[in-house]
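Participant: Have a look at this one.
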Amino acid sequence: MKIFVTGGAGYIGSHVVALLGRQGHNVLVYDNLSTGHEWAVLSGKLVRGDLGDKKLLADTMREYMPDAVMHFAASIQVEESVREPLMYYRNNVINTINLLEAVTNLDIRYFIYSSSAATYGAPDAAGPIGEDAPLEPINPYGATKAMIEKVLEGLGAARDFRYIALRYFNVAGADPQGLIGQAYREATHLITRALKVALGEYEMLSVFGTDYPTPDGTCIRDYIHVEDLAGAHLLALMYLRQTGDSGVMNCGYGHGYSVLDVVKAVKKVTGADIAVRMTDRRAGDPPSLVADSSRLKRLTGWLPLYDDLEFIIETAWKWEQKMAKR
Ligand code: UFG
């Protein structure tokens, strides 16, 4: 297939692009390189462009005429979204609508959307959460993702347009071959940040909140290896082509780890002593997010290969060490 990938130079997008290339698909990446990198695009062609540039977007898409679109380009930090809500509504909502306009103008039928567990807000139950749980986002980031899910629903009802929204839980780890990985200019995600402390790039790791209603008082997340998540995108696209059924699917492993569990695992994998400082809660953080991914498994046949926190950390650790040498 010919697949147009926005944000394909970014962390998750680049892993999907590499996998699409290995599976013989033709890829065109559209990325403004605000957080992505040219070297991360291992397959296909890269066009440097912004989703706010409607003309370039429409021209690029018309010339390429893809069979499907995968949309990764977005702002993704929860805490930043609390501080800069307009930036999030612009980048994640307005720009996605620009993209959907181009998609509908060209009658492109298949669309895979990067949604998020942040759409659920702060679920009451600590156990795995299913797709039918209410969407009550507690931060602008989650709100933008929930809004676009609604837009997709409306579009699917209005015309011959099929989509899958994948609700990612906490994506982590790096390409097991060590070719690509997370490379944001500032590391805010827990595992990356802890590894950078192990490398001495930061002095300490702040643990944001120790008074959550969880067994050790720190937040619980479902960490999924980026390569397993990449696989879910290909399966979702195949499912969409075969059945034509639009829908929403959670992507996670179904069990969570607390911040302190992660710190312990990072110490074990790296052999480094991670200096930790207990601090106040970070704005916008829900206590616990764990996926019920049975729908993804049942409908697409997804079988995760890397459901192992230490393996996730090992791949990220190899990548961080490589980056540090660069
Ligand atoms: N945390 C710390 N210290 C840090 C960094 C994070 O204690 O230095 C804690 C956070 O408070 C949170 C947990 O570690 O409880 C995970 O935080 P991350 O920043 O790694 O990830 P988030 O859960 O905030 O968000 C991530 C993605 C979102 C996605 C969400 C879904 O960034 O895009 O997972 O669960 F929506």
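By convention in this document, the chains of the structure tokens carry letters A, B, ... by their order, each chain's residues are numbered from 1, and ligands are numbered from 1 in the order they are shown.
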Hey, could you make a per-residue contact list for chain A against ligand 1 with 9 Å as the cut-off, showing the nearest pair of atoms and its distance in Å to one decimal, counting only C-alpha atoms and all ligand atoms, sorted by chain and number, as a Markdown table?
Facilitator:
```
| residue | atom | partner | partner_atom_place_in_ligand_line | distance |
| --- | --- | --- | --- | --- |
| A:Ser75 | CA | ligand 1 | 33 (O) | 8.2 |
| A:Ile76 | CA | ligand 1 | 33 (O) | 4.6 |
| A:Gln77 | CA | ligand 1 | 32 (O) | 5.0 |
| A:Val78 | CA | ligand 1 | 24 (O) | 5.4 |
| A:Glu79 | CA | ligand 1 | 24 (O) | 7.3 |
| A:Ser115 | CA | ligand 1 | 36 (F) | 7.9 |
| A:Ser116 | CA | ligand 1 | 36 (F) | 4.7 |
| A:Ala117 | CA | ligand 1 | 31 (C) | 4.5 |
| A:Ala118 | CA | ligand 1 | 36 (F) | 4.3 |
| A:Thr119 | CA | ligand 1 | 36 (F) | 7.5 |
| A:Tyr141 | CA | ligand 1 | 36 (F) | 7.4 |
| A:Gly142 | CA | ligand 1 | 36 (F) | 6.6 |
| A:Lys145 | CA | ligand 1 | 36 (F) | 8.8 |
| A:Arg167 | CA | ligand 1 | 31 (C) | 8.2 |
| A:Tyr168 | CA | ligand 1 | 31 (C) | 6.2 |
| A:Phe169 | CA | ligand 1 | 35 (O) | 4.1 |
| A:Asn170 | CA | ligand 1 | 34 (O) | 4.1 |
| A:Val171 | CA | ligand 1 | 34 (O) | 6.7 |
| A:Ala172 | CA | ligand 1 | 20 (O) | 8.3 |
| A:Ala187 | CA | ligand 1 | 8 (O) | 8.3 |
| A:Thr188 | CA | ligand 1 | 5 (C) | 5.5 |
| A:His189 | CA | ligand 1 | 20 (O) | 3.3 |
| A:Leu190 | CA | ligand 1 | 5 (C) | 3.8 |
| A:Ile191 | CA | ligand 1 | 20 (O) | 6.4 |
| A:Thr192 | CA | ligand 1 | 20 (O) | 7.9 |
| A:Arg193 | CA | ligand 1 | 8 (O) | 5.7 |
| A:Ala194 | CA | ligand 1 | 8 (O) | 7.0 |
| A:Met204 | CA | ligand 1 | 8 (O) | 8.8 |
| A:Leu205 | CA | ligand 1 | 8 (O) | 5.5 |
| A:Ser206 | CA | ligand 1 | 3 (N) | 4.9 |
| A:Val207 | CA | ligand 1 | 7 (O) | 3.5 |
| A:Phe208 | CA | ligand 1 | 7 (O) | 4.0 |
| A:Gly209 | CA | ligand 1 | 11 (O) | 6.9 |
| A:Thr210 | CA | ligand 1 | 7 (O) | 9.0 |
| A:Thr218 | CA | ligand 1 | 15 (O) | 6.8 |
| A:Cys219 | CA | ligand 1 | 15 (O) | 4.3 |
| A:Ile220 | CA | ligand 1 | 15 (O) | 6.4 |
| A:Arg221 | CA | ligand 1 | 35 (O) | 6.2 |
| A:Asp222 | CA | ligand 1 | 35 (O) | 7.0 |
| A:Tyr223 | CA | ligand 1 | 35 (O) | 8.2 |
| A:Ser258 | CA | ligand 1 | 15 (O) | 7.8 |
| A:Val259 | CA | ligand 1 | 14 (O) | 5.4 |
| A:Leu260 | CA | ligand 1 | 7 (O) | 8.3 |
| A:Val262 | CA | ligand 1 | 14 (O) | 8.6 |
| A:Met278 | CA | ligand 1 | 7 (O) | 8.3 |
| A:Thr279 | CA | ligand 1 | 7 (O) | 8.4 |
| A:Arg281 | CA | ligand 1 | 11 (O) | 6.8 |
| A:Arg282 | CA | ligand 1 | 11 (O) | 5.7 |
| A:Ala283 | CA | ligand 1 | 11 (O) | 8.4 |
| A:Gly284 | CA | ligand 1 | 24 (O) | 8.0 |
| A:Asp285 | CA | ligand 1 | 11 (O) | 5.9 |
| A:Pro286 | CA | ligand 1 | 15 (O) | 7.2 |
| A:Pro287 | CA | ligand 1 | 15 (O) | 6.9 |
| A:Ser288 | CA | ligand 1 | 15 (O) | 7.9 |
| A:Leu289 | CA | ligand 1 | 35 (O) | 5.9 |
| A:Val290 | CA | ligand 1 | 35 (O) | 7.9 |
```
Participant: Please identify all polymer residues within 12 Å of Lys264 in chain A, counting only C-alpha atoms, omitting same-chain residues fewer than 3 positions from it, and present them as a list in words.
Facilitator: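 The residues that qualify are Ile191, Ala194, Leu195, Ala198, Tyr257, Ser258, Val259, Leu260, Asp261, Lys267, Lys268, Val269, Thr270, Gly271, Ala272, Asp273, Ile274, Ala275, Val276, Leu309, Glu310 and Ile313 of chain A.
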Participant: Which is closest to Ala126 in chain A among A:Arg298, A:Leu305, A:Gly254, A:Gly10, if we use only C-alpha atoms?
Facilitator: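 Result for the nearest residue to Ala126 in chain A: A:Gly254.
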Participant: Neighbouring residues of Asn91 in chain A were defined as those with any atom within 7 Å, considering only C-alpha atoms; residues of the same chain fewer than 3 positions away were excluded. Please report them as JSON, numbers by chain.
Facilitator: {"A": [74, 75, 87, 88, 94, 95]}
Participant: May I have the residues within 9 Å of range 40-50 of chain A as number ranges by chain, using only C-alpha atoms and disregarding those fewer than 3 positions away in the same chain?
Facilitator: A: 8-11, 13-15, 17-22, 25-33, 36-37, 53-54, 56-57, 60, 95, 179-181
Participant: Keeping only N, CA, C and O atoms, write the selected residues to a file as a CSV table (one decimal), in the first residue's frame.
Facilitator:
```csv
chain,number,residue,atom,x,y,z
A,8,GLY,N,6.1,11.0,10.9
A,8,GLY,CA,6.8,9.7,10.8
A,8,GLY,C,8.3,9.9,11.1
A,8,GLY,O,9.0,8.9,11.1
A,9,ALA,N,8.8,11.1,11.4
A,9,ALA,CA,10.2,11.2,11.9
A,9,ALA,C,10.2,11.3,13.4
A,9,ALA,O,11.3,11.4,14.0
A,10,GLY,N,9.1,11.1,14.0
A,10,GLY,CA,9.1,11.2,15.5
A,10,GLY,C,9.3,9.8,16.1
A,10,GLY,O,9.5,8.8,15.4
A,11,TYR,N,9.1,9.8,17.4
A,11,TYR,CA,9.5,8.5,18.1
A,11,TYR,C,8.6,7.3,17.7
A,11,TYR,O,9.1,6.4,17.1
A,13,GLY,N,6.1,7.3,15.3
A,13,GLY,CA,6.0,7.2,13.9
A,13,GLY,C,7.2,6.6,13.2
A,13,GLY,O,7.0,5.8,12.3
A,14,SER,N,8.4,6.9,13.6
A,14,SER,CA,9.5,6.3,12.9
A,14,SER,C,9.6,4.8,13.1
A,14,SER,O,10.1,4.1,12.2
A,15,HIS,N,9.2,4.3,14.2
A,15,HIS,CA,9.2,2.8,14.4
A,15,HIS,C,8.1,2.2,13.5
A,15,HIS,O,8.4,1.1,12.9
A,17,VAL,N,7.1,3.5,10.6
A,17,VAL,CA,7.6,3.7,9.2
A,17,VAL,C,8.6,2.6,8.9
A,17,VAL,O,8.6,2.0,7.8
A,18,ALA,N,9.5,2.3,9.9
A,18,ALA,CA,10.5,1.2,9.6
A,18,ALA,C,9.8,-0.1,9.4
A,18,ALA,O,10.2,-0.9,8.5
A,19,LEU,N,8.8,-0.4,10.2
A,19,LEU,CA,8.1,-1.6,10.1
A,19,LEU,C,7.3,-1.7,8.7
A,19,LEU,O,7.4,-2.7,8.0
A,20,LEU,N,6.7,-0.6,8.4
A,20,LEU,CA,6.0,-0.5,7.1
A,20,LEU,C,7.0,-0.8,5.9
A,20,LEU,O,6.7,-1.6,5.0
A,21,GLY,N,8.2,-0.3,6.0
A,21,GLY,CA,9.2,-0.5,5.0
A,21,GLY,C,9.6,-2.0,5.0
A,21,GLY,O,9.7,-2.6,3.9
A,22,ARG,N,9.8,-2.6,6.1
A,22,ARG,CA,10.2,-4.0,6.2
A,22,ARG,C,9.1,-4.9,5.6
A,22,ARG,O,9.4,-5.9,5.1
A,25,HIS,N,5.7,-1.9,2.2
A,25,HIS,CA,4.8,-0.8,1.9
A,25,HIS,C,5.6,0.4,1.4
A,25,HIS,O,6.8,0.5,1.7
A,26,ASN,N,4.9,1.2,0.6
A,26,ASN,CA,5.5,2.5,0.1
A,26,ASN,C,5.1,3.6,1.1
A,26,ASN,O,3.9,3.8,1.3
A,27,VAL,N,6.1,4.4,1.6
A,27,VAL,CA,5.8,5.3,2.6
A,27,VAL,C,6.2,6.8,2.2
A,27,VAL,O,7.3,7.0,1.7
A,28,LEU,N,5.3,7.7,2.5
A,28,LEU,CA,5.8,9.1,2.4
A,28,LEU,C,5.5,9.8,3.8
A,28,LEU,O,4.4,9.8,4.3
A,29,VAL,N,6.6,10.3,4.4
A,29,VAL,CA,6.5,10.9,5.7
A,29,VAL,C,6.4,12.4,5.5
A,29,VAL,O,7.1,13.0,4.7
A,30,TYR,N,5.4,13.0,6.3
A,30,TYR,CA,5.2,14.4,6.3
A,30,TYR,C,5.4,14.9,7.7
A,30,TYR,O,4.7,14.4,8.6
A,31,ASP,N,6.5,15.7,8.0
A,31,ASP,CA,6.9,16.0,9.3
A,31,ASP,C,7.5,17.3,9.4
A,31,ASP,O,8.3,17.6,8.5
A,32,ASN,N,7.2,18.1,10.3
A,32,ASN,CA,7.8,19.5,10.4
A,32,ASN,C,9.2,19.5,11.1
A,32,ASN,O,9.8,20.5,11.3
A,33,LEU,N,9.6,18.3,11.6
A,33,LEU,CA,10.8,18.1,12.3
A,33,LEU,C,11.0,19.0,13.6
A,33,LEU,O,12.1,19.3,14.0
A,36,GLY,N,10.8,15.6,15.6
A,36,GLY,CA,11.4,14.5,14.9
A,36,GLY,C,12.7,14.7,14.3
A,36,GLY,O,13.3,15.9,14.4
A,37,HIS,N,13.3,13.7,13.6
A,37,HIS,CA,14.6,13.8,13.1
A,37,HIS,C,14.7,13.1,11.7
A,37,HIS,O,14.1,12.0,11.6
A,53,ASP,N,0.3,24.2,7.2
A,53,ASP,CA,0.5,24.7,5.8
A,53,ASP,C,-0.4,23.9,4.9
A,53,ASP,O,0.0,22.9,4.3
A,54,LYS,N,-1.7,24.3,4.8
A,54,LYS,CA,-2.7,23.6,4.1
A,54,LYS,C,-2.3,23.3,2.6
A,54,LYS,O,-2.7,22.3,2.1
A,56,LEU,N,0.7,23.2,1.1
A,56,LEU,CA,1.8,22.2,1.0
A,56,LEU,C,1.2,20.8,1.3
A,56,LEU,O,1.5,19.8,0.6
A,57,LEU,N,0.4,20.7,2.3
A,57,LEU,CA,-0.2,19.4,2.7
A,57,LEU,C,-1.0,18.9,1.6
A,57,LEU,O,-0.8,17.7,1.2
A,60,THR,N,1.1,18.0,-1.5
A,60,THR,CA,2.0,16.8,-1.3
A,60,THR,C,1.1,15.5,-1.4
A,60,THR,O,1.4,14.5,-2.0
A,95,ASN,N,-4.9,21.2,13.4
A,95,ASN,CA,-4.1,20.6,12.4
A,95,ASN,C,-4.6,19.3,11.9
A,95,ASN,O,-4.4,18.9,10.7
A,179,LEU,N,18.5,0.9,16.0
A,179,LEU,CA,18.6,1.9,14.9
A,179,LEU,C,17.9,3.3,15.3
A,179,LEU,O,18.3,4.3,14.8
A,180,ILE,N,16.8,3.1,15.9
A,180,ILE,CA,16.0,4.3,16.3
A,180,ILE,C,15.5,4.2,17.7
A,180,ILE,O,15.5,3.1,18.3
A,181,GLY,N,15.1,5.4,18.3
A,181,GLY,CA,14.5,5.4,19.6
A,181,GLY,C,14.0,6.8,19.9
A,181,GLY,O,14.0,7.6,19.1
```
Participant: Could you tell me how far CA of Gly127 in chain A lies from CA of Arg295 in chain A, in Å and to one decimal?
Facilitator: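 Those two atoms sit 16.0 Å apart.
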Participant: Write out as a PyMOL selection string which residues come within 7 Å of Asn250 in chain A when counting only C-alpha atoms, dropping same-chain ones fewer than 5 positions away.
Facilitator: chain A and resi 131+166-168+291-293+296
Participant: Using only C-alpha atoms, which of A:Asp216, A:Pro137, A:Leu152, A:Glu84 sits nearest Leu99 in chain A?
Facilitator: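 Checking each of A:Asp216, A:Pro137, A:Leu152, A:Glu84 against Leu99 in chain A, counting only C-alpha atoms, the winner is A:Leu152.
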